[in-house]
$ cat entry-v4.cif   # mmCIF, C-alpha atoms
data_protein
#
loop_
_atom_site.label_atom_id
_atom_site.label_comp_id
_atom_site.auth_asym_id
_atom_site.auth_seq_id
_atom_site.Cartn_x
_atom_site.Cartn_y
_atom_site.Cartn_z
CA MET A 1 7.47 -21.61 21.77
CA ALA A 2 5.83 -18.73 19.96
CA LYS A 3 3.04 -19.39 17.49
CA ILE A 4 1.09 -17.58 14.83
CA VAL A 5 -2.53 -17.66 15.87
CA ALA A 6 -4.29 -15.54 13.26
CA GLY A 7 -3.99 -13.52 10.08
CA VAL A 8 -5.69 -10.28 9.13
CA ALA A 9 -5.88 -8.99 5.56
CA THR A 10 -6.98 -5.41 5.01
CA SER A 11 -6.62 -2.49 2.65
CA HIS A 12 -4.71 0.52 3.98
CA VAL A 13 -6.21 3.50 2.14
CA PRO A 14 -4.78 6.83 3.42
CA ALA A 15 -8.19 8.55 3.23
CA ILE A 16 -9.44 6.08 5.88
CA GLY A 17 -6.75 7.38 8.23
CA ALA A 18 -7.70 10.96 7.42
CA ALA A 19 -11.39 10.18 8.10
CA ILE A 20 -10.53 8.76 11.53
CA ASP A 21 -8.08 11.53 12.41
CA ASN A 22 -10.52 14.28 11.40
CA GLY A 23 -13.53 12.77 13.17
CA LYS A 24 -15.40 11.96 9.95
CA SER A 25 -15.96 8.24 10.50
CA GLY A 26 -19.62 8.86 11.36
CA GLU A 27 -20.36 10.58 8.04
CA ASP A 28 -22.64 8.83 5.55
CA TYR A 29 -19.75 8.25 3.14
CA TRP A 30 -17.62 6.47 5.74
CA LYS A 31 -20.23 4.84 8.01
CA PRO A 32 -20.62 1.56 6.04
CA LEU A 33 -16.85 1.08 5.94
CA PHE A 34 -16.31 1.53 9.66
CA LYS A 35 -19.38 -0.56 10.45
CA GLY A 36 -17.71 -3.36 8.49
CA PHE A 37 -14.75 -3.29 10.87
CA GLU A 38 -16.81 -3.34 14.10
CA PRO A 39 -16.77 -7.18 14.36
CA SER A 40 -13.02 -7.12 13.69
CA LYS A 41 -12.40 -4.71 16.54
CA LYS A 42 -14.30 -6.97 18.92
CA TRP A 43 -12.48 -10.02 17.60
CA ILE A 44 -8.99 -8.57 18.05
CA ALA A 45 -9.82 -7.24 21.53
CA GLU A 46 -10.68 -10.83 22.49
CA LEU A 47 -7.73 -12.37 20.69
CA ASN A 48 -5.38 -9.83 22.30
CA PRO A 49 -2.21 -10.95 20.47
CA ASP A 50 1.17 -10.41 22.13
CA VAL A 51 2.82 -9.18 18.93
CA ILE A 52 1.70 -8.22 15.42
CA ILE A 53 3.87 -8.74 12.34
CA LEU A 54 2.50 -6.12 9.96
CA VAL A 55 3.25 -6.55 6.25
CA TYR A 56 2.75 -3.30 4.36
CA ASN A 57 4.40 -1.10 1.80
CA ASP A 58 6.08 2.23 2.29
CA HIS A 59 4.73 4.91 -0.07
CA ALA A 60 7.88 6.94 -0.64
CA SER A 61 7.95 7.95 3.03
CA ALA A 62 10.82 6.05 4.69
CA PHE A 63 12.29 4.85 1.40
CA SER A 64 12.70 7.18 -1.58
CA LEU A 65 14.41 6.03 -4.77
CA GLU A 66 17.79 6.08 -3.00
CA ILE A 67 17.34 2.66 -1.45
CA ILE A 68 14.62 0.22 -2.52
CA PRO A 69 14.63 -2.92 -0.39
CA THR A 70 12.36 -5.73 -1.58
CA PHE A 71 11.72 -7.05 1.95
CA ALA A 72 12.69 -4.85 4.92
CA ILE A 73 12.08 -5.92 8.51
CA GLY A 74 11.93 -3.29 11.24
CA CYS A 75 14.10 -4.34 14.18
CA ALA A 76 14.05 -1.04 16.09
CA GLU A 77 12.63 -0.39 19.57
CA SER A 78 10.06 1.99 18.09
CA PHE A 79 8.85 3.54 14.85
CA ALA A 80 7.50 7.08 14.55
CA PRO A 81 4.51 7.86 12.31
CA ALA A 82 5.86 9.45 9.11
CA ASP A 83 5.20 12.99 7.92
CA GLU A 84 3.77 12.21 4.49
CA GLY A 85 3.76 15.82 3.37
CA TRP A 86 0.99 17.26 5.52
CA GLY A 87 2.27 16.40 9.01
CA ALA A 88 2.40 13.01 10.74
CA ARG A 89 -0.85 11.19 11.59
CA PRO A 90 -1.85 11.85 15.21
CA VAL A 91 -1.46 8.20 16.20
CA PRO A 92 0.72 6.58 18.88
CA VAL A 93 4.36 5.77 18.22
CA VAL A 94 4.60 2.12 17.20
CA GLN A 95 6.57 0.02 19.69
CA GLY A 96 8.61 -2.71 18.06
CA HIS A 97 9.69 -6.12 19.30
CA PRO A 98 13.43 -6.11 18.54
CA GLU A 99 14.08 -9.54 20.02
CA LEU A 100 11.51 -11.35 17.87
CA ALA A 101 12.21 -9.13 14.84
CA TRP A 102 15.93 -9.95 14.93
CA HIS A 103 15.12 -13.60 15.40
CA ILE A 104 12.85 -13.54 12.34
CA ALA A 105 15.49 -11.68 10.32
CA GLN A 106 18.17 -14.20 11.26
CA SER A 107 15.96 -17.23 10.76
CA THR A 108 14.55 -16.14 7.39
CA ILE A 109 17.98 -15.16 6.03
CA LEU A 110 19.37 -18.57 6.95
CA ASP A 111 16.19 -19.96 5.36
CA GLU A 112 17.39 -18.25 2.13
CA PHE A 113 15.26 -15.09 2.18
CA ASP A 114 17.58 -12.09 1.89
CA MET A 115 15.90 -9.65 4.26
CA THR A 116 17.01 -6.06 4.76
CA ILE A 117 17.38 -5.23 8.45
CA VAL A 118 16.16 -1.74 9.35
CA ASN A 119 17.03 -0.10 12.66
CA LYS A 120 15.56 3.32 11.94
CA MET A 121 12.36 3.83 10.00
CA ASP A 122 9.29 6.02 10.12
CA VAL A 123 6.07 4.20 9.29
CA ASP A 124 3.42 5.67 7.01
CA HIS A 125 -0.31 5.12 6.49
CA GLY A 126 0.41 1.68 5.03
CA LEU A 127 1.18 0.49 8.55
CA THR A 128 -0.85 2.83 10.74
CA VAL A 129 -4.21 2.70 8.91
CA PRO A 130 -4.64 -1.07 9.48
CA LEU A 131 -3.90 -0.54 13.19
CA SER A 132 -6.47 2.28 13.32
CA LEU A 133 -9.07 0.10 11.59
CA MET A 134 -8.55 -2.74 14.04
CA TYR A 135 -7.97 -0.78 17.25
CA GLY A 136 -9.59 2.63 16.76
CA GLN A 137 -7.90 5.51 18.54
CA PRO A 138 -6.17 4.20 21.69
CA ALA A 139 -3.64 6.28 23.64
CA ALA A 140 -1.08 3.56 22.90
CA TRP A 141 -1.22 0.57 20.52
CA PRO A 142 -2.11 -2.49 22.62
CA CYS A 143 0.88 -4.59 21.57
CA PRO A 144 4.30 -4.37 19.91
CA VAL A 145 4.35 -4.37 16.10
CA ILE A 146 7.07 -5.67 13.78
CA PRO A 147 6.91 -3.77 10.47
CA LEU A 148 7.70 -5.74 7.35
CA ALA A 149 7.92 -3.36 4.39
CA VAL A 150 7.64 -4.79 0.87
CA ASN A 151 8.56 -2.91 -2.28
CA VAL A 152 5.52 -2.61 -4.53
CA VAL A 153 6.33 0.88 -5.88
CA GLN A 154 9.30 0.12 -8.16
CA TYR A 155 8.68 -2.62 -10.72
CA PRO A 156 9.17 -5.47 -10.17
CA PRO A 157 7.71 -6.23 -6.76
CA PRO A 158 8.39 -9.74 -5.48
CA THR A 159 6.17 -12.40 -7.03
CA GLY A 160 3.11 -13.70 -5.25
CA HIS A 161 4.76 -17.08 -4.91
CA ARG A 162 7.88 -15.59 -3.32
CA CYS A 163 5.69 -13.71 -0.85
CA TYR A 164 3.75 -16.86 0.00
CA MET A 165 6.98 -18.77 0.61
CA LEU A 166 8.30 -15.94 2.79
CA GLY A 167 5.13 -16.25 4.86
CA LYS A 168 5.93 -19.90 5.44
CA ALA A 169 9.51 -18.98 6.42
CA ILE A 170 8.19 -16.37 8.86
CA ARG A 171 5.98 -19.02 10.41
CA ARG A 172 8.99 -21.34 10.86
CA ALA A 173 10.89 -18.43 12.39
CA VAL A 174 8.13 -17.58 14.85
CA GLU A 175 7.67 -21.22 15.82
CA SER A 176 11.37 -21.49 16.66
CA PHE A 177 11.29 -18.48 19.00
CA ASP A 178 11.74 -19.64 22.53
CA LYS A 179 9.01 -17.61 24.27
CA PRO A 180 5.31 -18.37 24.48
CA LEU A 181 4.13 -15.44 22.36
CA ARG A 182 0.81 -15.45 20.49
CA VAL A 183 1.52 -13.67 17.23
CA ALA A 184 -0.89 -12.22 14.67
CA ILE A 185 0.21 -11.37 11.15
CA PHE A 186 -1.38 -8.67 8.98
CA GLY A 187 -1.17 -8.55 5.19
CA THR A 188 -2.24 -5.14 3.94
CA GLY A 189 -2.90 -3.11 0.77
CA GLY A 190 -5.19 -3.62 -2.22
CA MET A 191 -7.74 -4.50 -3.32
CA SER A 192 -8.48 -3.28 -6.85
CA HIS A 193 -7.39 0.31 -7.38
CA GLN A 194 -5.46 2.50 -9.74
CA LEU A 195 -4.21 5.91 -8.62
CA GLN A 196 -2.30 6.97 -11.71
CA GLY A 197 -3.05 8.30 -15.16
CA PRO A 198 -6.13 8.31 -17.39
CA ARG A 199 -7.30 4.86 -16.20
CA ALA A 200 -7.35 5.93 -12.52
CA GLY A 201 -10.41 4.83 -10.59
CA LEU A 202 -10.45 1.30 -11.95
CA ILE A 203 -12.31 -1.11 -9.66
CA ASN A 204 -12.95 -4.78 -10.38
CA SER A 205 -15.33 -6.23 -7.78
CA LYS A 206 -15.53 -9.53 -9.59
CA PHE A 207 -11.74 -9.96 -9.47
CA ASP A 208 -11.68 -8.90 -5.81
CA ASN A 209 -14.45 -11.22 -4.66
CA ASP A 210 -12.99 -14.14 -6.54
CA TYR A 211 -9.62 -13.34 -4.97
CA LEU A 212 -11.15 -13.22 -1.46
CA GLU A 213 -12.79 -16.60 -1.96
CA ARG A 214 -9.64 -18.27 -3.24
CA PHE A 215 -7.50 -16.48 -0.65
CA SER A 216 -9.62 -18.14 2.01
CA LYS A 217 -10.22 -21.59 0.56
CA ASP A 218 -7.52 -22.28 -2.02
CA PRO A 219 -4.52 -19.96 -1.62
CA GLU A 220 -2.26 -22.16 -3.75
CA SER A 221 -4.46 -21.30 -6.73
CA ILE A 222 -3.62 -17.57 -6.56
CA VAL A 223 0.08 -17.54 -5.70
CA ARG A 224 1.07 -17.82 -9.36
CA ILE A 225 -1.05 -14.91 -10.60
CA PRO A 226 1.47 -12.87 -12.62
CA HIS A 227 1.97 -9.14 -12.06
CA ILE A 228 0.44 -8.32 -15.44
CA GLU A 229 -2.87 -9.87 -14.40
CA TYR A 230 -3.13 -7.80 -11.21
CA VAL A 231 -2.32 -4.62 -13.11
CA ARG A 232 -4.57 -5.21 -16.11
CA GLU A 233 -7.54 -6.69 -14.26
CA ALA A 234 -7.49 -4.79 -10.99
CA GLY A 235 -5.42 -1.64 -11.52
CA SER A 236 -1.77 -0.68 -11.23
CA GLU A 237 -1.87 -0.43 -7.43
CA ALA A 238 -3.72 -3.75 -6.97
CA ILE A 239 -0.31 -5.36 -7.19
CA GLU A 240 -0.16 -4.61 -3.45
CA LEU A 241 -2.17 -7.81 -3.03
CA VAL A 242 1.06 -9.83 -3.19
CA MET A 243 1.57 -8.62 0.39
CA TRP A 244 -1.56 -10.45 1.48
CA LEU A 245 0.13 -13.65 0.36
CA ILE A 246 2.91 -13.24 2.97
CA MET A 247 0.21 -13.34 5.62
CA ARG A 248 -1.50 -16.24 3.86
CA GLY A 249 1.71 -18.28 3.74
CA ALA A 250 2.09 -17.90 7.50
CA ILE A 251 -1.40 -19.33 8.11
CA ASP A 252 -2.64 -22.92 7.66
CA GLU A 253 -3.67 -23.78 4.12
CA HIS A 254 -7.00 -24.92 5.57
CA ALA A 255 -7.46 -22.08 8.00
CA LYS A 256 -10.75 -21.10 9.60
CA GLU A 257 -12.30 -18.03 8.03
CA ILE A 258 -13.63 -15.88 10.85
CA TYR A 259 -14.79 -12.83 8.93
CA ARG A 260 -14.94 -11.24 5.49
CA PHE A 261 -15.87 -7.73 4.39
CA TYR A 262 -15.79 -5.91 1.06
CA HIS A 263 -16.70 -2.31 0.34
CA VAL A 264 -16.44 0.13 -2.58
CA PRO A 265 -15.29 2.87 -2.47
CA ALA A 266 -12.87 4.36 -0.01
CA SER A 267 -11.62 7.31 -2.02
CA ASN A 268 -10.08 5.58 -5.10
CA THR A 269 -10.00 2.08 -3.70
CA ALA A 270 -11.92 -1.16 -3.13
CA VAL A 271 -11.56 -2.18 0.51
CA GLY A 272 -11.18 -5.88 1.20
CA HIS A 273 -10.79 -7.46 4.60
CA MET A 274 -10.52 -10.99 5.94
CA ILE A 275 -9.69 -12.67 9.24
CA LEU A 276 -8.28 -16.19 9.31
CA GLU A 277 -7.38 -18.32 12.32
CA ASN A 278 -5.06 -21.27 12.53
CA VAL A 279 -6.91 -24.32 13.75
CA MET B 1 6.59 -12.41 -18.84
CA SER B 2 7.73 -9.32 -20.65
CA GLU B 3 7.24 -5.68 -19.77
CA VAL B 4 6.01 -5.10 -23.30
CA GLU B 5 2.71 -6.66 -22.22
CA PHE B 6 2.23 -3.85 -19.70
CA GLU B 7 2.54 -1.23 -22.41
CA ASP B 8 -0.71 -2.53 -23.90
CA ILE B 9 -2.69 -1.51 -20.80
CA PRO B 10 -4.33 1.81 -21.64
CA GLY B 11 -3.83 4.90 -19.49
CA THR B 12 -1.31 3.10 -17.31
CA LEU B 13 2.46 3.48 -16.99
CA LEU B 14 4.48 0.76 -15.32
CA PHE B 15 7.17 2.30 -13.09
CA ASP B 16 9.92 0.12 -14.47
CA ALA B 17 13.70 0.50 -14.56
CA GLU B 18 13.68 2.83 -17.55
CA ARG B 19 11.10 5.22 -16.10
CA SER B 20 12.79 5.10 -12.72
CA ARG B 21 16.13 6.11 -14.27
CA LYS B 22 14.55 8.83 -16.34
CA GLY B 23 12.48 10.21 -13.48
CA TYR B 24 14.99 9.97 -10.66
CA HIS B 25 15.57 13.70 -10.14
CA LEU B 26 11.94 14.61 -10.74
CA ASN B 27 10.90 12.10 -8.10
CA MET B 28 13.61 13.18 -5.67
CA PHE B 29 12.43 16.76 -6.09
CA CYS B 30 8.93 15.62 -5.10
CA MET B 31 10.39 13.65 -2.19
CA SER B 32 12.12 16.78 -0.89
CA LEU B 33 8.67 18.32 -0.31
CA MET B 34 8.20 15.96 2.63
CA LYS B 35 10.10 18.48 4.73
CA GLU B 36 8.42 21.70 5.84
CA GLU B 37 11.59 23.78 5.35
CA ASN B 38 11.77 22.62 1.73
CA ARG B 39 8.08 23.30 1.18
CA ALA B 40 8.68 26.83 2.45
CA ALA B 41 11.65 27.30 0.12
CA PHE B 42 9.68 25.98 -2.85
CA ARG B 43 6.71 28.20 -1.96
CA ALA B 44 8.98 31.25 -1.85
CA ASP B 45 10.69 30.60 -5.19
CA GLU B 46 9.43 27.64 -7.22
CA GLU B 47 11.78 28.09 -10.19
CA GLY B 48 14.84 28.75 -8.05
CA TYR B 49 14.15 25.81 -5.75
CA LYS B 50 13.76 23.36 -8.64
CA LYS B 51 17.26 24.23 -9.90
CA GLN B 52 18.79 22.11 -7.12
CA PHE B 53 17.51 19.06 -8.98
CA PRO B 54 19.11 18.31 -12.36
CA MET B 55 15.85 17.64 -14.19
CA THR B 56 15.26 18.06 -17.90
CA ALA B 57 13.61 21.28 -19.07
CA GLU B 58 10.56 19.23 -20.02
CA GLN B 59 10.28 17.75 -16.53
CA SER B 60 10.71 21.16 -14.95
CA LYS B 61 7.99 22.60 -17.18
CA ALA B 62 5.59 19.76 -16.36
CA ILE B 63 6.02 20.69 -12.68
CA THR B 64 5.43 24.38 -13.36
CA ASP B 65 2.35 23.48 -15.43
CA ARG B 66 1.18 20.94 -12.82
CA ASP B 67 0.71 18.59 -15.75
CA TRP B 68 0.25 15.43 -13.70
CA ASN B 69 0.04 12.97 -16.59
CA LYS B 70 3.08 14.54 -18.27
CA MET B 71 5.09 14.08 -15.08
CA LEU B 72 4.26 10.36 -15.16
CA GLU B 73 5.22 10.13 -18.84
CA LEU B 74 8.56 11.72 -17.99
CA GLY B 75 9.37 9.17 -15.30
CA GLY B 76 7.39 10.49 -12.36
CA ASN B 77 5.84 7.99 -9.98
CA ILE B 78 2.42 8.67 -8.51
CA TYR B 79 3.56 8.19 -4.91
CA PHE B 80 6.16 10.92 -5.50
CA THR B 81 4.10 13.30 -7.65
CA SER B 82 1.33 13.06 -5.06
CA LYS B 83 3.68 14.87 -2.68
CA LEU B 84 3.57 17.85 -5.02
CA GLY B 85 -0.19 17.30 -5.00
CA ALA B 86 -0.18 17.44 -1.20
CA PHE B 87 1.87 20.66 -1.43
CA ASP B 88 -0.97 22.05 -3.56
CA SER B 89 -3.49 20.71 -0.98
CA LEU B 90 -4.78 18.11 -3.44
CA SER B 91 -5.93 14.70 -2.18
CA PHE B 92 -5.28 11.50 -4.13
CA GLN B 93 -8.85 11.64 -5.35
CA GLN B 94 -8.51 15.23 -6.58
CA LEU B 95 -5.28 14.29 -8.37
CA ALA B 96 -6.97 11.27 -9.94
CA ALA B 97 -9.80 13.47 -11.21
CA LYS B 98 -7.26 15.76 -12.89
CA MET B 99 -5.38 12.84 -14.48
CA THR B 100 -8.59 11.38 -15.89
CA GLY B 101 -9.80 14.72 -17.26
CA SER B 102 -12.92 14.76 -15.06
CA THR B 103 -14.20 17.23 -12.56
CA GLN B 104 -13.80 16.20 -8.96
CA GLN B 105 -17.55 15.68 -8.70
CA GLU B 106 -17.70 13.48 -11.81
CA TYR B 107 -14.82 11.40 -10.55
CA ALA B 108 -16.26 11.06 -7.03
CA ASP B 109 -19.63 10.03 -8.54
CA MET B 110 -17.92 7.40 -10.69
CA MET B 111 -16.25 5.95 -7.59
CA LEU B 112 -19.54 5.97 -5.65
CA HIS B 113 -21.07 3.99 -8.49
CA GLY B 114 -18.49 1.23 -8.30
CA GLY B 115 -15.54 2.86 -10.03
CA ARG B 116 -14.24 2.54 -13.58
CA SER B 117 -15.13 -0.84 -15.06
CA VAL B 118 -12.37 -3.09 -16.34
CA GLU B 119 -14.59 -3.86 -19.35
CA GLY B 120 -13.32 -1.79 -22.25
CA ASN B 121 -10.23 -0.80 -20.26
CA ARG B 122 -7.95 -3.82 -20.59
CA SER B 123 -6.10 -3.07 -23.81
CA LYS B 124 -5.10 -0.09 -25.88
CA SER B 125 -7.13 -1.66 -28.69
CA ASP B 126 -10.26 -1.25 -26.48
CA TRP B 127 -9.60 2.49 -26.32
CA LYS B 128 -8.85 2.75 -30.02
CA ASN B 129 -12.10 1.02 -30.93
CA ARG B 130 -14.22 3.34 -28.83
CA GLY B 131 -13.00 6.16 -31.08
#
$ encode --input "entry-v4.cif" --output "structure tokens"
Amino acid sequence: MAKIVAGVATSHVPAIGAAIDNGKSGEDYWKPLFKGFEPSKKWIAELNPDVIILVYNDHASAFSLEIIPTFAIGCAESFAPADEGWGARPVPVVQGHPELAWHIAQSTILDEFDMTIVNKMDVDHGLTVPLSLMYGQPAAWPCPVIPLAVNVVQYPPPTGHRCYMLGKAIRRAVESFDKPLRVAIFGTGGMSHQLQGPRAGLINSKFDNDYLERFSKDPESIVRIPHIEYVREAGSEAIELVMWLIMRGAIDEHAKEIYRFYHVPASNTAVGHMILENV
Amino acid sequence: MSEVEFEDIPGTLLFDAERSRKGYHLNMFCMSLMKEENRAAFRADEEGYKKQFPMTAEQSKAITDRDWNKMLELGGNIYFTSKLGAFDSLSFQQLAAKMTGSTQQEYADMMLHGGRSVEGNRSKSDWKNRG
């Protein structure tokens, strides 16, 4: 049987991708950020998962306002990096895992989560920046990736609690897959940031660090945080943090925290990162 | 929970159903700039190109003026308007500086010093009181 062995939470700031792609990661501005991910790169090289389920949001790249799925699972053979308006990122094409993805879709739908099945989808920085942070610049990504896109652009996004419960359903799905795969799940986005309007640039380190601590030790205490609290306290785009809760739901409540990192700023955003392992 | 609560957050517009309906064509115009052939057509004739999208005159003017906050007020969403920003070679940070009325340097310095504090920025009453 397949099992979920670890969870990775990380922000997915587009400027981080641009820094990597343009060879700027050694600059003073970026050095502390990339240094913070060095232990994570070593850790994932050792873990060497067979598949990654990557929870992220599309930023008006694959989905415009024509179709706005709340939860969309990528079941295709592969996913091309999206052209986000200035050409696609020079990163490898993402290979999917259609067999496991379809199994998860089927299992979660019968488990009463109404997933949207996607057979053609380009993936934007929301998905590729976390891979770059964890794996650097390989010629090919080391394992297949199942994209799970969550709507956080059009209000309302799913609630934190719904996301957490979906994580648990994904775990049940993976554990009922009849192949001995070791699966990692990524929850991406956040932490505090606001990109829009006169309040842009909002950062709330206190909120973020409290969130990281509770995310690790007491996830049940944060699943009921209402949307208004994310937006008011941590900025309109901090609502992306509900995606972390899908990852968290798929991991043991009392998981082992392997690593934690927090850094301000990356462009407009507070970068948070955590690695959890199932025991 | 009511959406009315969100309206009390200063300098922040929730992209809710009403704004999404109002801004649909403005946002779809921005979305069209994802394609190089459309960027070329827009570059060649901005006013003519915009006519394909049934926007209001006010929305169209906000685009011509590159009035980024106005676009949001008229139903634009930042992930869409940022595509017009990308067309103008503006990064998210440069756009944010413009929307906050700061120079790029001032904005970048604010971010380097930990960003905009939530203190004094939670409620419209905070902004009113600061005069």
$ residues_around --input "entry-v4.cif" --residues "range 26-35 of chain B" --least-positions-apart "5" --cutoff "7 Å" --atoms "only C-alpha atoms" --output "ChimeraX atom specification"
/A:64,83-85 /B:53,55,59,76-77,80-81,83-84
$ resolve_selection --input "entry-v4.cif" --expression "the PyMOL selection byres ((chain A and resi 192) around 6)" --output "PDB file with C-alpha atoms, keeping the file's coordinate frame"
ATOM      1  CA  GLY A 190      -5.190  -3.620  -2.220  1.00  0.00           C
ATOM      2  CA  MET A 191      -7.740  -4.500  -3.320  1.00  0.00           C
ATOM      3  CA  HIS A 193      -7.390   0.310  -7.380  1.00  0.00           C
ATOM      4  CA  ILE A 203     -12.310  -1.110  -9.660  1.00  0.00           C
ATOM      5  CA  ASN A 204     -12.950  -4.780 -10.380  1.00  0.00           C
ATOM      6  CA  ALA A 234      -7.490  -4.790 -10.990  1.00  0.00           C
ATOM      7  CA  GLY A 235      -5.420  -1.640 -11.520  1.00  0.00           C
ATOM      8  CA  ALA A 238      -3.720  -3.750  -6.970  1.00  0.00           C
ATOM      9  CA  ALA A 270     -11.920  -1.160  -3.130  1.00  0.00           C
TER      10      ALA A 270
END
$ residues_around --input "entry-v4.cif" --residues "range 4-10 of chain A" --least-positions-apart "3" --cutoff "8 Å" --atoms "all atoms listed in the file" --output "MDAnalysis selection string"
chainID A and resid 130 171 174:175 182:190 244 247:248 250:251 271:278
$ atom_distance --input "entry-v4.cif" --atom1 "CA of Tyr49 in chain B" --atom2 "CA of His25 in chain B"
13.0 Å
$ interface_residues --input "entry-v4.cif" --of "chain A" --to "chain B" --cutoff "6 Å" --atoms "only C-alpha atoms" --output "number ranges by chain"
A: 59, 85, 154-155, 196-203, 232
$ closest_residue --input "entry-v4.cif" --among "A:Thr116, A:His97, A:Tyr56, A:Thr128" --to "Ala82 in chain A" --atoms "only C-alpha atoms"
A:Thr128
$ resolve_selection --input "entry-v4.cif" --expression "the PyMOL selection byres ((chain A and resi 124) around 10)" --output "PyMOL selection string"
chain A and resi 14+56-62+79-84+88-89+121-123+125-129
$ atom_distance --input "entry-v4.cif" --atom1 "CA of Ser132 in chain A" --atom2 "CA of Gly17 in chain A"
7.2 Å
$ resolve_selection --input "entry-v4.cif" --expression "the PyMOL selection byres ((chain A and resi 44-51) around 7)" --output "PDB file with C-alpha atoms, in the frame of the given file"
ATOM      1  CA  SER A  40     -13.020  -7.120  13.690  1.00  0.00           C
ATOM      2  CA  LYS A  41     -12.400  -4.710  16.540  1.00  0.00           C
ATOM      3  CA  LYS A  42     -14.300  -6.970  18.920  1.00  0.00           C
ATOM      4  CA  TRP A  43     -12.480 -10.020  17.600  1.00  0.00           C
ATOM      5  CA  ILE A  52       1.700  -8.220  15.420  1.00  0.00           C
ATOM      6  CA  ILE A  53       3.870  -8.740  12.340  1.00  0.00           C
ATOM      7  CA  CYS A 143       0.880  -4.590  21.570  1.00  0.00           C
ATOM      8  CA  PRO A 144       4.300  -4.370  19.910  1.00  0.00           C
ATOM      9  CA  VAL A 145       4.350  -4.370  16.100  1.00  0.00           C
ATOM     10  CA  LEU A 181       4.130 -15.440  22.360  1.00  0.00           C
ATOM     11  CA  ARG A 182       0.810 -15.450  20.490  1.00  0.00           C
ATOM     12  CA  VAL A 183       1.520 -13.670  17.230  1.00  0.00           C
ATOM     13  CA  ALA A 184      -0.890 -12.220  14.670  1.00  0.00           C
TER      14      ALA A 184
END
$ atom_distance --input "entry-v4.cif" --atom1 "CA of Lys256 in chain A" --atom2 "CA of Val279 in chain A"
6.5 Å
$ closest_residue --input "entry-v4.cif" --among "B:Ala40, B:Asp88, B:Gln52, B:Asp45" --to "Arg66 in chain B" --atoms "all atoms listed in the file"
B:Asp88
$ closest_residue --input "entry-v4.cif" --among "A:Gln137, A:Ile68, A:Glu240, A:Pro90" --to "His12 in chain A" --atoms "only C-alpha atoms"
A:Glu240
$ closest_residue --input "entry-v4.cif" --among "A:Ala19, A:Val118, A:Leu65, A:Ala105" --to "Arg172 in chain A" --atoms "only C-alpha atoms"
A:Ala105
$ closest_residue --input "entry-v4.cif" --among "B:Asp109, B:Asp65, B:Glu7, B:Glu18" --to "Val231 in chain A" --atoms "only C-alpha atoms"
B:Glu7
$ closest_residue --input "entry-v4.cif" --among "A:Asp21, A:Ile225, A:Phe177, A:Phe261" --to "Pro158 in chain A" --atoms "only C-alpha atoms"
A:Ile225
$ decode --input "entry-v4.cif" --residues "range 109-130 of chain B" --atoms "C-alpha atoms" --output "CSV table (one decimal), in the first residue's frame"
chain,number,residue,atom,x,y,z
B,109,ASP,CA,12.8,49.9,2.1
B,110,MET,CA,9.5,49.3,3.9
B,111,MET,CA,9.6,45.7,3.0
B,112,LEU,CA,13.2,45.3,4.0
B,113,HIS,CA,12.3,46.7,7.4
B,114,GLY,CA,9.6,44.1,8.0
B,115,GLY,CA,6.8,45.4,5.8
B,116,ARG,CA,3.7,47.4,6.7
B,117,SER,CA,2.6,46.8,10.3
B,118,VAL,CA,-0.9,45.5,11.0
B,119,GLU,CA,-1.0,47.9,13.9
B,120,GLY,CA,-3.1,50.9,12.8
B,121,ASN,CA,-4.1,49.0,9.6
B,122,ARG,CA,-6.9,46.7,10.8
B,123,SER,CA,-10.0,49.0,10.5
B,124,LYS,CA,-11.1,51.9,8.4
B,125,SER,CA,-11.5,53.7,11.8
B,126,ASP,CA,-7.7,53.4,12.3
B,127,TRP,CA,-7.1,55.2,9.1
B,128,LYS,CA,-9.7,57.9,9.9
B,129,ASN,CA,-8.2,58.6,13.3
B,130,ARG,CA,-4.7,59.1,11.9
